[in-house]
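Next up, upload15.txt (compact mmCIF, C-alpha atoms):
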# COMPACT_ATOMS: atom_id res chain seq x y z
CA ASP A 1 -9.27 62.90 248.09
CA ALA A 2 -12.33 65.17 248.21
CA PRO A 3 -14.22 64.92 251.51
CA THR A 4 -17.39 62.86 251.42
CA SER A 5 -20.46 64.94 252.21
CA ALA A 6 -22.81 63.66 254.89
CA PRO A 7 -26.04 62.20 253.53
CA THR A 8 -29.01 64.50 253.73
CA SER A 9 -31.95 62.97 255.53
CA ALA A 10 -35.35 63.24 253.93
CA PRO A 11 -37.66 65.75 255.61
CA THR A 12 -40.25 64.28 257.94
CA PRO A 13 -43.73 64.99 256.60
CA ALA A 14 -45.81 67.14 258.85
CA PRO A 15 -48.62 65.20 260.49
CA ALA A 16 -52.00 65.75 258.98
CA ASP A 17 -54.43 67.78 261.00
CA GLN A 18 -56.48 65.55 263.19
CA GLU A 19 -60.01 66.30 264.20
CA ASP A 20 -60.51 66.73 267.89
CA PRO A 21 -62.56 63.83 269.17
CA SER A 22 -65.97 64.74 270.50
CA PRO A 23 -65.98 65.27 274.26
CA THR A 24 -67.26 62.37 276.31
CA PRO A 25 -70.75 63.27 277.56
CA SER A 26 -71.50 63.07 281.24
CA PRO A 27 -74.37 60.87 282.39
CA ALA A 28 -77.61 62.80 282.80
CA PRO A 29 -78.49 63.46 286.43
CA ALA A 30 -81.25 61.39 287.98
CA PRO A 31 -84.58 63.17 288.41
CA ASP A 32 -85.32 64.53 291.86
CA ALA A 33 -88.62 64.88 293.68
CA ALA A 34 -89.38 68.12 291.84
CA GLY A 35 -91.47 67.65 288.75
CA GLN A 36 -93.57 64.82 290.16
CA GLU A 37 -97.22 64.87 291.20
CA THR A 38 -98.43 64.45 294.78
CA VAL A 39 -101.21 61.91 295.37
CA ILE A 40 -103.79 62.28 298.14
CA THR A 41 -106.27 59.49 298.87
CA GLY A 42 -109.15 59.07 301.27
CA SER A 43 -112.84 58.25 301.52
CA VAL A 44 -116.12 59.80 302.60
CA THR A 45 -119.19 57.89 303.76
CA LEU A 46 -122.49 59.50 302.79
CA LYS A 47 -126.08 58.66 303.64
CA VAL A 48 -128.31 59.01 300.56
CA ALA A 49 -131.88 58.12 299.61
CA ASP A 50 -130.99 55.54 296.95
CA PRO A 51 -127.45 54.19 297.31
CA GLU A 52 -127.44 52.07 294.14
CA ALA A 53 -128.74 54.89 291.96
CA PHE A 54 -126.26 57.32 293.51
CA CYS A 55 -123.28 55.08 292.87
CA GLY A 56 -124.45 54.38 289.34
CA SER A 57 -124.63 58.06 288.42
CA GLN A 58 -121.61 59.74 286.85
CA SER A 59 -123.22 63.12 287.43
CA ALA A 60 -123.32 62.38 291.16
CA LEU A 61 -119.61 61.51 291.16
CA ASP A 62 -118.79 64.63 289.15
CA ALA A 63 -120.78 66.71 291.65
CA PHE A 64 -118.85 65.05 294.48
CA ALA A 65 -115.58 66.22 292.87
CA ASP A 66 -117.00 69.74 292.51
CA GLY A 67 -118.09 69.78 296.14
CA MET A 68 -114.72 68.53 297.37
CA ALA A 69 -112.98 71.24 295.35
CA GLU A 70 -114.93 73.85 297.31
CA LEU A 71 -113.16 72.75 300.50
CA SER A 72 -109.90 74.35 299.39
CA GLY A 73 -109.07 77.11 296.96
CA SER A 74 -105.97 75.11 296.01
CA LEU A 75 -107.99 72.10 294.83
CA GLU A 76 -109.41 71.77 291.33
CA ALA A 77 -112.26 69.37 290.56
CA ALA A 78 -110.34 68.00 287.57
CA TRP A 79 -107.73 66.61 289.96
CA VAL A 80 -110.32 64.48 291.79
CA ASN A 81 -111.15 60.94 290.71
CA ALA A 82 -113.94 59.28 292.69
CA THR A 83 -115.40 55.79 292.86
CA CYS A 84 -118.56 54.81 294.73
CA ALA A 85 -119.56 51.60 296.52
CA VAL A 86 -122.80 50.78 298.30
CA ALA A 87 -122.17 50.06 301.96
CA ASP A 88 -123.25 46.68 303.31
CA SER A 89 -125.65 48.41 305.69
CA ALA A 90 -127.94 49.47 302.84
CA ARG A 91 -130.98 47.18 303.01
CA ARG A 92 -133.33 46.17 300.22
CA LEU A 93 -137.08 46.42 300.55
CA SER A 94 -139.28 43.42 299.87
CA ASP A 95 -140.19 42.38 296.33
CA ASP A 96 -143.66 43.81 296.88
CA ASP A 97 -142.08 47.24 297.06
CA GLY A 98 -140.19 46.77 293.83
CA GLY A 99 -136.95 45.71 295.42
CA ARG A 100 -135.85 49.29 296.03
CA ARG A 101 -133.10 49.95 298.52
CA LEU A 102 -133.88 51.89 301.63
CA GLU A 103 -131.88 55.02 302.24
CA GLY A 104 -128.42 53.95 303.25
CA ASN A 105 -124.72 54.67 303.08
CA VAL A 106 -122.33 54.83 300.19
CA VAL A 107 -118.55 54.97 300.49
CA ILE A 108 -116.87 57.28 298.02
CA SER A 109 -113.14 56.69 297.65
CA TYR A 110 -111.24 59.56 296.09
CA THR A 111 -107.81 60.05 294.61
CA ILE A 112 -106.50 63.58 294.19
CA ARG A 113 -103.51 64.04 291.92
CA VAL A 114 -101.86 67.39 292.53
CA PRO A 115 -99.83 68.13 289.38
CA ALA A 116 -96.16 69.01 289.55
CA ASP A 117 -96.77 72.51 288.17
CA ALA A 118 -99.24 73.40 290.95
CA SER A 119 -98.16 75.92 293.57
CA SER A 120 -95.61 74.62 296.03
CA ASP A 121 -98.05 74.74 298.96
CA ALA A 122 -101.07 73.31 297.10
CA ALA A 123 -100.77 69.75 298.42
CA GLY A 124 -100.30 70.94 301.99
CA ALA A 125 -103.29 73.30 301.77
CA ILE A 126 -105.50 70.52 300.36
CA GLU A 127 -104.42 68.07 303.07
CA THR A 128 -105.17 70.65 305.76
CA ALA A 129 -108.61 71.35 304.30
CA LEU A 130 -109.50 67.66 304.07
CA THR A 131 -108.22 66.90 307.57
CA GLY A 132 -110.21 69.75 309.08
CA ALA A 133 -113.40 69.20 307.06
CA GLU A 134 -116.60 69.30 309.13
CA PRO A 135 -119.44 66.92 308.18
CA ALA A 136 -122.09 69.65 308.23
CA ASN A 137 -120.06 71.97 306.02
CA LEU A 138 -119.15 69.20 303.56
CA LYS A 139 -122.82 68.18 303.37
CA THR A 140 -123.73 71.76 302.39
CA LEU A 141 -121.01 71.93 299.74
CA LEU A 142 -121.95 68.56 298.26
CA ASN A 143 -125.66 69.33 298.12
CA THR A 144 -124.93 72.63 296.40
CA ALA A 145 -122.92 70.76 293.77
CA LEU A 146 -125.62 68.06 293.49
CA ALA A 147 -128.45 70.55 293.00
CA ASP A 148 -128.95 69.73 289.31
CA SER A 149 -128.29 65.99 289.57
CA GLY A 150 -131.48 64.89 291.28
CA PHE A 151 -129.55 63.50 294.28
CA GLN A 152 -129.08 64.75 297.79
CA VAL A 153 -126.79 63.92 300.68
CA LEU A 154 -128.84 63.22 303.79
CA GLU A 155 -125.84 62.98 306.06
CA VAL A 156 -122.05 62.90 305.95
CA ALA A 157 -121.55 59.84 308.14
CA ALA A 158 -117.75 59.71 308.14
CA ILE A 159 -114.71 61.47 306.71
CA GLU A 160 -111.56 59.38 306.58
CA ALA A 161 -108.28 61.17 307.24
CA PRO A 162 -106.45 61.76 303.95
CA VAL A 163 -103.22 59.95 303.12
CA VAL A 164 -100.58 61.94 301.25
CA GLU A 165 -98.04 60.19 299.04
CA GLN A 166 -95.17 62.62 298.61
CA PRO A 167 -92.99 62.17 295.51
CA ALA A 168 -89.86 60.28 296.53
CA ALA A 169 -86.46 61.68 295.64
CA PRO A 170 -84.02 59.06 294.31
CA GLN A 171 -81.38 57.79 296.73
CA LYS A 172 -77.92 59.28 296.58
CA GLY A 173 -75.62 57.47 294.21
CA THR A 174 -78.45 56.22 291.99
CA THR A 175 -78.98 57.28 288.42
CA ASP A 176 -81.80 56.92 285.98
CA SER A 177 -81.19 53.75 283.95
CA GLY A 178 -82.55 55.30 280.77
CA ALA A 179 -80.23 58.27 281.12
CA VAL A 180 -77.26 55.99 281.73
CA ARG A 181 -78.01 53.94 278.60
CA SER A 182 -78.33 57.12 276.56
CA ALA A 183 -75.04 58.47 277.91
CA LEU A 184 -73.25 55.19 277.17
CA ALA A 185 -74.56 55.21 273.61
CA GLN A 186 -73.34 58.79 273.14
CA THR A 187 -69.94 57.87 274.59
CA ALA A 188 -69.58 54.91 272.23
CA THR A 189 -70.47 57.12 269.26
CA ALA A 190 -67.89 59.72 270.32
CA LEU A 191 -65.17 57.09 270.75
CA LEU A 192 -65.94 55.58 267.34
CA ALA A 193 -65.74 59.01 265.74
CA ALA A 194 -62.39 59.66 267.44
CA ALA A 195 -60.99 56.30 266.30
CA THR A 196 -62.14 56.90 262.73
CA ALA A 197 -60.50 60.32 262.71
CA GLY A 198 -57.24 58.81 264.00
CA LEU A 199 -57.20 56.12 261.30
CA SER A 200 -57.87 58.72 258.61
CA ALA A 201 -54.98 60.88 259.87
CA ALA A 202 -52.62 57.90 259.96
CA ALA A 203 -53.56 56.91 256.41
CA ALA A 204 -52.98 60.47 255.17
CA ALA A 205 -49.55 60.57 256.82
CA ALA A 206 -48.52 57.29 255.21
CA VAL A 207 -49.24 58.52 251.69

Let me see the structure of the file written as structure tokens.
Amino acid sequence: DAPTSAPTSAPTPAPADQEDPSPTPSPAPAPDAAGQETVITGSVTLKVADPEAFCGSQSALDAFADGMAELSGSLEAAWVNATCAVADSARRLSDDDGGRRLEGNVVISYTIRVPADASSDAAGAIETALTGAEPANLKTLLNTALADSGFQVLEVAAIEAPVVEQPAAPQKGTTDSGAVRSALAQTATALLAAATAGLSAAAAAAV
């Protein structure tokens, strides 16, 4: 009898090329203290001829910002926001005198926002200038700025020490929630793309 030849096995089809799945993105790092503004707050008590009129004048408040900016070369008037309140000590004249207020004190509260792109030593220089401000010098600077407003500072009664709010760096181990959500969404998209590519390759191999 003729020998029986061994059956020839069918060739195994080569696997279809599979697309490499997109790499899994890493969560974005949490923001640090850099890139945030520094806030400086404080108040100045001034004696003026007409407290109510002074506090009701935007030009007086703008001039206050200009005068404060002259205390430090690092400070810009646009960074200063000021509000004015008549002190309780300001007394009103009798009705016979038209109800005018006597000269008295106003309290101007200011907020200085030092932008993140300012020089690295700007906030420190401003704090130093405000802390060391002398009433007589500040009075001169304010009256120079007020020259066209019709108001005048009679006396700088008090200068409150400034309070500096430094931008806080996030604690170690914390991440920005928005960045985490974005990273998770990107990861899910990448995994879906990889799964789709795998199914397509399996279907091609089965044909």

Nearest to Ala133 in chain A, chosen from A:Pro167, A:Pro51, A:Pro162, A:Gly150, with only C-alpha atoms counted in the distances: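 Checking each candidate against Ala133 in chain A, we get A:Pro162 as the closest.
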
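For the pair CA of Ser72 in chain A and CA of Asp50 in chain A, the separation is 28.4 Å.
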
Point-to-point distance from CA of Ala122 in chain A to CA of Glu165 in chain A, Å rounded to tenths: 13.6 Å

Of the listed residues A:Ala53, A:Ala78, A:Leu61, A:Leu71, that which approaches Glu134 in chain A most closely, counting all atoms listed in the file: A:Leu71

Please put the answer as AutoDock Vina command-line options: centre and edge lengths, in Å with one decimal, of a box along x, y and z that encloses all listed atoms of range 116-119 of chain A plus 8 Å on each side.
--center_x -97.7 --center_y 72.5 --center_z 290.9 --size_x 19.1 --size_y 22.9 --size_z 21.4
